[in-house]
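Q: There's a structure below that I have some questions on.
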Amino acid sequence: MISQQSIQQILSRIDIVEIVGSFVKLKKRGANYMGLCPFHNEKSPSFTVSPSKEIYKCFGCGKSGNAISFVMEHEKYSYVEAIKWLAQKYQVEIEETEVSPELRQHQLMSDSLFIINSFAREYFTDTLFNSEEGQNVGVSYFEERGFTEETIRKFQLGYCLNTRDAFAQTALAKGYNLEYLQKTGLVTIRNEQPADNYRGRVIFPIHNQSGKILGFGARILVKSDRAPKYINSPENEIYVKSRVLYGTYFARHAIDKLNECLLVEGYTDVISLHQAGVENVVASSGTSLTQDQLRLIKKYTNNLTIIYDGDSAGIKAALRGLDMAVEESLNVKLVLLPDKEDPDSYVQRIGAAAFRTFIEENKQDFVLFKLQLSMQEAGNDSNKKSQLVNEIAETISKIDKAEDFTRQQDYIRQCSQLLRIDEQGLVALVNKFIRERLVKREQANARNTPAPSEQDDVLSEEAIAAMEAAETGVSIASLLNRDEKQEKELVKILLRFGDKPFSEEENSTVADYVFHLPYDFESLADSEMVKRILREYKQLYDEGSLPDKKWFLYHQDPDMSKYIALILEDKEAELSTNWKERFEIDTVYGDNAYLKDTISTTNYLILRKIKKLITENQDEAERATDMEQVMRCLEMQVHLKALEKELTQGLGTVIFK
């Protein structure tokens with residue numbers, strides 16, 4: 001693991017203008033810099049870089065973040081890969097801390113497999129171009145498929161000699177471990193001797209998002225009843241088939257720019273389309289789509305277009321699996337190619353421009369296509385029709401994110417028209433599936449969490465509210481995401497002014513004030529992300545070091561980093577005019593304005609906490625079974641009301657718009 005000292009060294013040298021400028025041509029506009037966004041196609045620059053805030057923001061596509069997240073997003077690197085890239089750029093020598101023996105062993109194994117795969121890729125490419133058999137068999141096959149030498153070299157294609165152990169002997173002679181060679185699938189044991197697993201086959205290397213070789217696909221070139229057409233690497237520490245899409249490394253920038261991912265079935269489909277100039281394409285390698293693959297696509301775009309062969313079998317079975325894509329908020333379209341055509345043959349026959357036109361003109365919405373296909377199968381069978389209505393309602397119910405509400409309603413309207421059923425009836429059925437899923441989720445959580453009472457199946461207030469929201473169309477997210485503005489303001493204050501003096505008499509800082517409030521600081525926040533930030537800040541505070549905004553802005557957790565970027569990107573909170581007039585609060589505090597901001601924000605959060613306690617105390621009084629308990633509640637109510645009055649009148653709490 002990279003040491004914190006190394007990370008701090010890198011963070012201290014980061015210049016976001018310099019880093020982004022390595023990929024984007026920037027021009028100075030006032031205090032900021034502007035350029036054409038690298039994440040979508042645009043003619044007028046809307047991509048802004050702020051050196052003072054150390055963040056970037058595109059006002060066209062909405063993408064934003066810091067220097068590290070830019071490298072991660074643009075190059076599709078992990079956090080560690082981005083840190084290493086920056087370390088190399090700024091010539092910082094990385095120190096690594098000790099990890100557990102198990103994790104260390106896993107890292108060593110992964111590194112070894114990557115090294116072996118890299119060697120194998122070079123060996124197979126060299127064999128393809130520099131051996132007689134490679135030229136006569138491998139190159140001839142690729143040329144027959146219409147691939148140019150430039151394309152072959154771009155995708156690092158190769159060939160394995162049709163001999164028993166040419167690769168195995170070469171690898172062993174260079175000192176590569178036999179056990180690891182077997183783990184990669186490159187070498188197998190036959191008759192107690194190592195032998196080449198891919199002999200006589202053309203080789204398709206499978207890259208990860210940063211270009212490293214995860215494994216291989218190997219295609220046989222002669223017809224054989226005994227041998228499979230393709231052999232793929234076995235799963236191991238670095239290659240998990242369900243998490244990989246072939247061609248992602250070559251397609252990632254095009255998918256970003258075009259905001260669409262085309263999905264095909266095979267290696268050669270991807271390569272032919274790339275060669276024709278259709279570069280936003282990846283392949284599932286003939287497997288059903290998995291949730292991990294869908295999430296990988298969503299890293300680049302929300303728009304997925306699946307291209308099926310005209311005579312592709314099992315389309316309906318494949319469609320059932322695409323319900324997962326709906327849950328991931330992907331906009332899924334389908335395109336059926338003309339009969340007896342696949343993407344490889346079709347693009348070579350009609351050309352890239354005509355192929356793109358065909359795709360645009362023949363896209364069909366996944367949900368509506370599934371419905372129409374199922375309607376054809378159901379015919380006049382009333383039982384099948386009833387089952388179909390349930391299936392479609394269940395699919396639509398999975399479109400339950402706040403931003404997708406309008407889309408869900410459009411599906412309900414269109415599907416009810418196609419099915420010739422009452423629209424409100426379909427709404428009720430969709431909501432029934434939403435409620436059932438929420439109940440199951442809540443009960444699953446209850447089984448994993450100690451129950452607050454003997455009634456294990458009692459739902460939480462959040463789940464009940466969410467179920468009620470399903471009836472009215474109110475988004476679940478809006479119910480669960482409560483007022484965060486003041487919580488964000490508290491985070492902003494700590495990041496900007498945590499080390500500033502709060503009281504000269506007591507020699508205390510703003511952080512001292514916040515963490516010595518009469519309430520547990522975490523209990524003042526509803527947002528889980530704010531709680532996490534406060535916990536980490538407090539941990540570092542207890543250790544004697546106050547983190548600045550860079551610590552969180554460049555955090556290895558991308559969610560936290562984005563959250564901080566959004567907080568810092570926000571305009572300064574404005575005081576409510578009515579509140580200002582009511583309490584005669586002076587909004588100009590000179591150099592010590594942050595003191596008033598700190599008091600105002602913490603008072604607001606404490607007041608909100610007190611109001612919650614008042615409500616809870618009232619509930620407890622209503623449930624009281626004896627007079628002593630009632631009196632205790634009344635005394636507590638008087639105390640809480642006094643605190644509430646003190647905060648709202650004496651201290652002048654600030655309300656934010």
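Each chain in the structure tokens gets a letter, A, B, ..., in the order shown, and its residues are numbered from 1; ligands are numbered from 1 in order too.
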If we count only C-alpha atoms, what is near Lys611 of chain A at a cut-off of 10 Å, once residues fewer than 4 positions away on the same chain are taken out, given as a ChimeraX atom specification?
A: /A:605-607,615-617,640-641,643-644
Q: What lies within 10 Å of Gly158 of chain A using only C-alpha atoms, ignoring chain neighbours under 4 positions off, as number ranges by chain?
A: A: 120-129, 134, 138-139, 142, 152-153, 201-205, 218
Q: Atoms to include: N, CA, C and O atoms. Write the selected residues as an mmCIF file, in the first residue's frame.
A:
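What landed in out.cif:
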```
data_model
loop_
_atom_site.group_PDB
_atom_site.id
_atom_site.type_symbol
_atom_site.label_atom_id
_atom_site.label_comp_id
_atom_site.auth_asym_id
_atom_site.auth_seq_id
_atom_site.Cartn_x
_atom_site.Cartn_y
_atom_site.Cartn_z
ATOM 1 N N ALA A 120 3.789 -13.334 -22.763
ATOM 2 C CA ALA A 120 3.087 -14.193 -23.731
ATOM 3 C C ALA A 120 2.561 -13.365 -24.893
ATOM 4 O O ALA A 120 2.634 -13.792 -26.060
ATOM 5 N N ARG A 121 2.009 -12.185 -24.598
ATOM 6 C CA ARG A 121 1.494 -11.324 -25.670
ATOM 7 C C ARG A 121 2.596 -10.963 -26.650
ATOM 8 O O ARG A 121 2.426 -11.061 -27.881
ATOM 9 N N GLU A 122 3.764 -10.575 -26.140
ATOM 10 C CA GLU A 122 4.888 -10.237 -27.010
ATOM 11 C C GLU A 122 5.346 -11.452 -27.818
ATOM 12 O O GLU A 122 5.651 -11.339 -29.011
ATOM 13 N N TYR A 123 5.358 -12.613 -27.171
ATOM 14 C CA TYR A 123 5.788 -13.841 -27.844
ATOM 15 C C TYR A 123 4.843 -14.180 -28.999
ATOM 16 O O TYR A 123 5.279 -14.489 -30.114
ATOM 17 N N PHE A 124 3.527 -14.103 -28.762
ATOM 18 C CA PHE A 124 2.559 -14.484 -29.793
ATOM 19 C C PHE A 124 2.558 -13.486 -30.952
ATOM 20 O O PHE A 124 2.415 -13.880 -32.115
ATOM 21 N N THR A 125 2.732 -12.201 -30.664
ATOM 22 C CA THR A 125 2.794 -11.194 -31.730
ATOM 23 C C THR A 125 4.051 -11.393 -32.573
ATOM 24 O O THR A 125 4.006 -11.324 -33.813
ATOM 25 N N ASP A 126 5.164 -11.659 -31.899
ATOM 26 C CA ASP A 126 6.418 -11.913 -32.616
ATOM 27 C C ASP A 126 6.298 -13.161 -33.487
ATOM 28 O O ASP A 126 6.752 -13.179 -34.638
ATOM 29 N N THR A 127 5.657 -14.197 -32.943
ATOM 30 C CA THR A 127 5.468 -15.435 -33.706
ATOM 31 C C THR A 127 4.599 -15.186 -34.932
ATOM 32 O O THR A 127 4.855 -15.730 -36.020
ATOM 33 N N LEU A 128 3.576 -14.353 -34.784
ATOM 34 C CA LEU A 128 2.676 -14.059 -35.896
ATOM 35 C C LEU A 128 3.417 -13.403 -37.052
ATOM 36 O O LEU A 128 3.256 -13.815 -38.212
ATOM 37 N N PHE A 129 4.245 -12.401 -36.752
ATOM 38 C CA PHE A 129 4.877 -11.629 -37.821
ATOM 39 C C PHE A 129 6.244 -12.161 -38.243
ATOM 40 O O PHE A 129 6.676 -11.918 -39.370
ATOM 41 N N GLY A 134 3.553 -18.473 -38.704
ATOM 42 C CA GLY A 134 2.712 -17.351 -38.297
ATOM 43 C C GLY A 134 2.243 -16.537 -39.486
ATOM 44 O O GLY A 134 1.072 -16.148 -39.562
ATOM 45 N N GLY A 138 -1.441 -17.539 -39.497
ATOM 46 C CA GLY A 138 -2.063 -16.497 -38.682
ATOM 47 C C GLY A 138 -2.371 -15.225 -39.460
ATOM 48 O O GLY A 138 -3.517 -14.761 -39.482
ATOM 49 N N VAL A 139 -1.329 -14.656 -40.120
ATOM 50 C CA VAL A 139 -1.532 -13.409 -40.867
ATOM 51 C C VAL A 139 -2.540 -13.627 -41.990
ATOM 52 O O VAL A 139 -3.409 -12.779 -42.245
ATOM 53 N N PHE A 142 -6.079 -13.451 -40.584
ATOM 54 C CA PHE A 142 -6.499 -12.088 -40.256
ATOM 55 C C PHE A 142 -6.761 -11.273 -41.523
ATOM 56 O O PHE A 142 -7.686 -10.453 -41.570
ATOM 57 N N ILE A 152 -4.078 -5.135 -36.714
ATOM 58 C CA ILE A 152 -3.527 -6.310 -36.024
ATOM 59 C C ILE A 152 -2.576 -5.877 -34.917
ATOM 60 O O ILE A 152 -2.615 -6.396 -33.797
ATOM 61 N N ARG A 153 -1.739 -4.900 -35.225
ATOM 62 C CA ARG A 153 -0.774 -4.425 -34.224
ATOM 63 C C ARG A 153 -1.467 -3.616 -33.131
ATOM 64 O O ARG A 153 -1.074 -3.673 -31.963
ATOM 65 N N ARG A 201 -3.472 -21.859 -32.866
ATOM 66 C CA ARG A 201 -4.600 -20.921 -32.771
ATOM 67 C C ARG A 201 -4.123 -19.472 -32.898
ATOM 68 O O ARG A 201 -3.000 -19.145 -32.507
ATOM 69 N N VAL A 202 -5.016 -18.627 -33.440
ATOM 70 C CA VAL A 202 -4.746 -17.178 -33.414
ATOM 71 C C VAL A 202 -5.150 -16.656 -32.040
ATOM 72 O O VAL A 202 -6.076 -17.181 -31.408
ATOM 73 N N ILE A 203 -4.458 -15.632 -31.588
ATOM 74 C CA ILE A 203 -4.585 -15.164 -30.205
ATOM 75 C C ILE A 203 -5.172 -13.756 -30.152
ATOM 76 O O ILE A 203 -4.708 -12.850 -30.856
ATOM 77 N N PHE A 204 -6.173 -13.580 -29.280
ATOM 78 C CA PHE A 204 -6.783 -12.277 -29.023
ATOM 79 C C PHE A 204 -6.508 -11.897 -27.559
ATOM 80 O O PHE A 204 -7.158 -12.435 -26.650
ATOM 81 N N PRO A 205 -5.549 -11.014 -27.293
ATOM 82 C CA PRO A 205 -5.310 -10.588 -25.906
ATOM 83 C C PRO A 205 -6.512 -9.807 -25.364
ATOM 84 O O PRO A 205 -7.158 -9.041 -26.092
ATOM 85 N N ALA A 218 -8.362 -17.686 -27.683
ATOM 86 C CA ALA A 218 -7.585 -18.360 -28.730
ATOM 87 C C ALA A 218 -8.543 -19.117 -29.648
ATOM 88 O O ALA A 218 -9.303 -19.974 -29.200
#
```
Q: Under the rule of at most 7 Å, produce a per-residue listing of segment 55-157 of chain A near segment 549-571 of chain A: chain, number, name, the closest pair of atoms, and the distance in Å, as JSON lines, using only C-alpha atoms.
A:
```
{"residue": "A:Ile55", "atom": "CA", "partner": "A:Ala565", "partner_atom": "CA", "distance": 6.7}
{"residue": "A:Gly65", "atom": "CA", "partner": "A:Ala565", "partner_atom": "CA", "distance": 5.7}
{"residue": "A:Asn66", "atom": "CA", "partner": "A:Leu553", "partner_atom": "CA", "distance": 6.8}
{"residue": "A:Ile68", "atom": "CA", "partner": "A:Tyr554", "partner_atom": "CA", "distance": 6.4}
{"residue": "A:Tyr79", "atom": "CA", "partner": "A:Gln556", "partner_atom": "CA", "distance": 5.8}
```
Q: Restrict the selected residues to all heavy atoms and save them as a PDB file, in the first residue's frame.
A:
```pdb
ATOM      1  N   ILE A  55     -10.370  22.286  -8.916  1.00  0.00           N
ATOM      2  CA  ILE A  55     -11.374  21.395  -9.475  1.00  0.00           C
ATOM      3  C   ILE A  55     -11.635  21.767 -10.936  1.00  0.00           C
ATOM      4  O   ILE A  55     -11.298  22.868 -11.379  1.00  0.00           O
ATOM      5  CB  ILE A  55     -12.709  21.466  -8.695  1.00  0.00           C
ATOM      6  CG1 ILE A  55     -13.264  22.894  -8.677  1.00  0.00           C
ATOM      7  CG2 ILE A  55     -12.553  20.936  -7.287  1.00  0.00           C
ATOM      8  CD1 ILE A  55     -14.630  23.010  -8.022  1.00  0.00           C
ATOM      9  N   GLY A  65     -14.662  17.318 -10.914  1.00  0.00           N
ATOM     10  CA  GLY A  65     -13.785  16.589 -10.006  1.00  0.00           C
ATOM     11  C   GLY A  65     -12.478  17.318  -9.813  1.00  0.00           C
ATOM     12  O   GLY A  65     -12.368  18.520 -10.078  1.00  0.00           O
ATOM     13  N   ASN A  66     -11.449  16.582  -9.359  1.00  0.00           N
ATOM     14  CA  ASN A  66     -10.139  17.162  -9.105  1.00  0.00           C
ATOM     15  C   ASN A  66      -9.115  16.574 -10.066  1.00  0.00           C
ATOM     16  O   ASN A  66      -9.466  15.828 -10.987  1.00  0.00           O
ATOM     17  CB  ASN A  66      -9.734  16.907  -7.654  1.00  0.00           C
ATOM     18  CG  ASN A  66      -9.754  15.426  -7.331  1.00  0.00           C
ATOM     19  OD1 ASN A  66      -9.085  14.620  -7.970  1.00  0.00           O
ATOM     20  ND2 ASN A  66     -10.540  15.038  -6.337  1.00  0.00           N
ATOM     21  N   ILE A  68      -6.800  14.265  -9.625  1.00  0.00           N
ATOM     22  CA  ILE A  68      -6.690  12.801  -9.597  1.00  0.00           C
ATOM     23  C   ILE A  68      -7.898  12.170 -10.264  1.00  0.00           C
ATOM     24  O   ILE A  68      -7.760  11.238 -11.071  1.00  0.00           O
ATOM     25  CB  ILE A  68      -6.538  12.292  -8.150  1.00  0.00           C
ATOM     26  CG1 ILE A  68      -5.198  12.758  -7.571  1.00  0.00           C
ATOM     27  CG2 ILE A  68      -6.633  10.768  -8.087  1.00  0.00           C
ATOM     28  CD1 ILE A  68      -4.961  12.344  -6.130  1.00  0.00           C
ATOM     29  N   TYR A  79      -7.646   4.473  -8.484  1.00  0.00           N
ATOM     30  CA  TYR A  79      -7.018   5.521  -7.679  1.00  0.00           C
ATOM     31  C   TYR A  79      -5.515   5.279  -7.556  1.00  0.00           C
ATOM     32  O   TYR A  79      -4.707   6.199  -7.746  1.00  0.00           O
ATOM     33  CB  TYR A  79      -7.658   5.567  -6.293  1.00  0.00           C
ATOM     34  CG  TYR A  79      -7.052   6.609  -5.371  1.00  0.00           C
ATOM     35  CD1 TYR A  79      -7.448   7.932  -5.439  1.00  0.00           C
ATOM     36  CD2 TYR A  79      -6.084   6.261  -4.429  1.00  0.00           C
ATOM     37  CE1 TYR A  79      -6.900   8.893  -4.594  1.00  0.00           C
ATOM     38  CE2 TYR A  79      -5.526   7.208  -3.579  1.00  0.00           C
ATOM     39  CZ  TYR A  79      -5.940   8.523  -3.674  1.00  0.00           C
ATOM     40  OH  TYR A  79      -5.383   9.453  -2.843  1.00  0.00           O
TER      41      TYR A  79
END
```
Q: Just list as a ChimeraX atom specification whatever in segment 276-389 of chain A DSSP marks as strand (DSSP E or B).
A: /A:281-283,303-308,331-336,364-365
Q: So the first atom is atom CA of Lys492 of chain A and the second is atom CA of Leu517 of chain A; what is the distance between them in Å, to one decimal place?
A: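 Atom CA of Lys492 of chain A sits 17.5 Å away from atom CA of Leu517 of chain A.
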Q: Of the candidates A:Ser44, A:Asn32, A:Thr301, A:Glu328, which shows the shortest atom-to-atom distance to Lys57 of chain A, using only C-alpha atoms?
A: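 Distance minimum relative to Lys57 of chain A lands on A:Asn32.
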Q: Considering only C-alpha atoms, return as a list in words whatever protein or nucleic-acid residues lie within 8 Å of Asp269 of chain A, sequence-local ones (same chain, fewer than 3 positions apart) excluded.
A: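 Result of the neighbour search: Val264, Glu265, Gly266, Ser272, Leu273, Ala283, Asp342, Pro343 and Asp344 of chain A.
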Q: Have a look at A:Phe433, A:Tyr537, A:Phe366, A:Phe250 and name the one nearest to Val278 of chain A; count only C-alpha atoms.
A: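 Of A:Phe433, A:Tyr537, A:Phe366, A:Phe250, the one nearest Val278 of chain A is A:Phe250, counting only C-alpha atoms.
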Q: Find the spatial neighbours of segment 80-86 of chain A, counting only C-alpha atoms, within a cut-off of 7 Å - ignore same-chain residues fewer than 6 positions away - and output them as a list of chain:residue names.
A: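 What passes the distance filter is A:Ile10, A:Ile68, A:Val71, A:Met72.
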Q: Those same residues, written as an mmCIF file, in the first residue's frame with N, CA and C atoms?
A:
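The resulting file, part-v8.cif, is reproduced below:
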```cif
data_model
loop_
_atom_site.group_PDB
_atom_site.id
_atom_site.type_symbol
_atom_site.label_atom_id
_atom_site.label_comp_id
_atom_site.auth_asym_id
_atom_site.auth_seq_id
_atom_site.Cartn_x
_atom_site.Cartn_y
_atom_site.Cartn_z
ATOM 1 N N ILE A 10 2.901 13.889 -3.274
ATOM 2 C CA ILE A 10 2.313 14.043 -4.612
ATOM 3 C C ILE A 10 1.267 15.149 -4.594
ATOM 4 N N ILE A 68 -6.800 14.265 -9.625
ATOM 5 C CA ILE A 68 -6.690 12.801 -9.597
ATOM 6 C C ILE A 68 -7.898 12.170 -10.264
ATOM 7 N N VAL A 71 -7.577 12.310 -14.036
ATOM 8 C CA VAL A 71 -6.720 11.248 -14.595
ATOM 9 C C VAL A 71 -7.455 9.908 -14.560
ATOM 10 N N MET A 72 -8.149 9.637 -13.454
ATOM 11 C CA MET A 72 -8.909 8.386 -13.341
ATOM 12 C C MET A 72 -9.992 8.308 -14.411
#
```
Q: For Asp292 of chain A, work out the shell of residues within 10 Å, counting only C-alpha atoms and skipping chain neighbours fewer than 2 positions away, then give it as a PyMOL selection string.
A: chain A and resi 241-245+289-290+294-298
Q: Out of A:Leu494, A:Leu336, A:Val281, A:Ala195, which residue has the shortest atom-to-atom distance to Asp256 of chain A when counting only C-alpha atoms?
A: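 Among A:Leu494, A:Leu336, A:Val281, A:Ala195, it is A:Val281 that comes nearest to Asp256 of chain A.
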Q: Using DSSP secondary structure from the backbone, list all helix (DSSP H, G or I) positions within segment 85-168 of chain A, as a ChimeraX atom specification.
A: /A:85-89,101-130,132-144,149-154,166-168
Q: Quick one: distance from atom CA of Met375 of chain A to atom CA of Gln387 of chain A in Å, one decimal?
A: 10.6 Å
Q: So what do you get for atom CA of Glu622 of chain A versus atom CA of Lys645 of chain A, distance-wise?
A: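 One can read the atom CA of Glu622 of chain A to atom CA of Lys645 of chain A distance as 23.3 Å.
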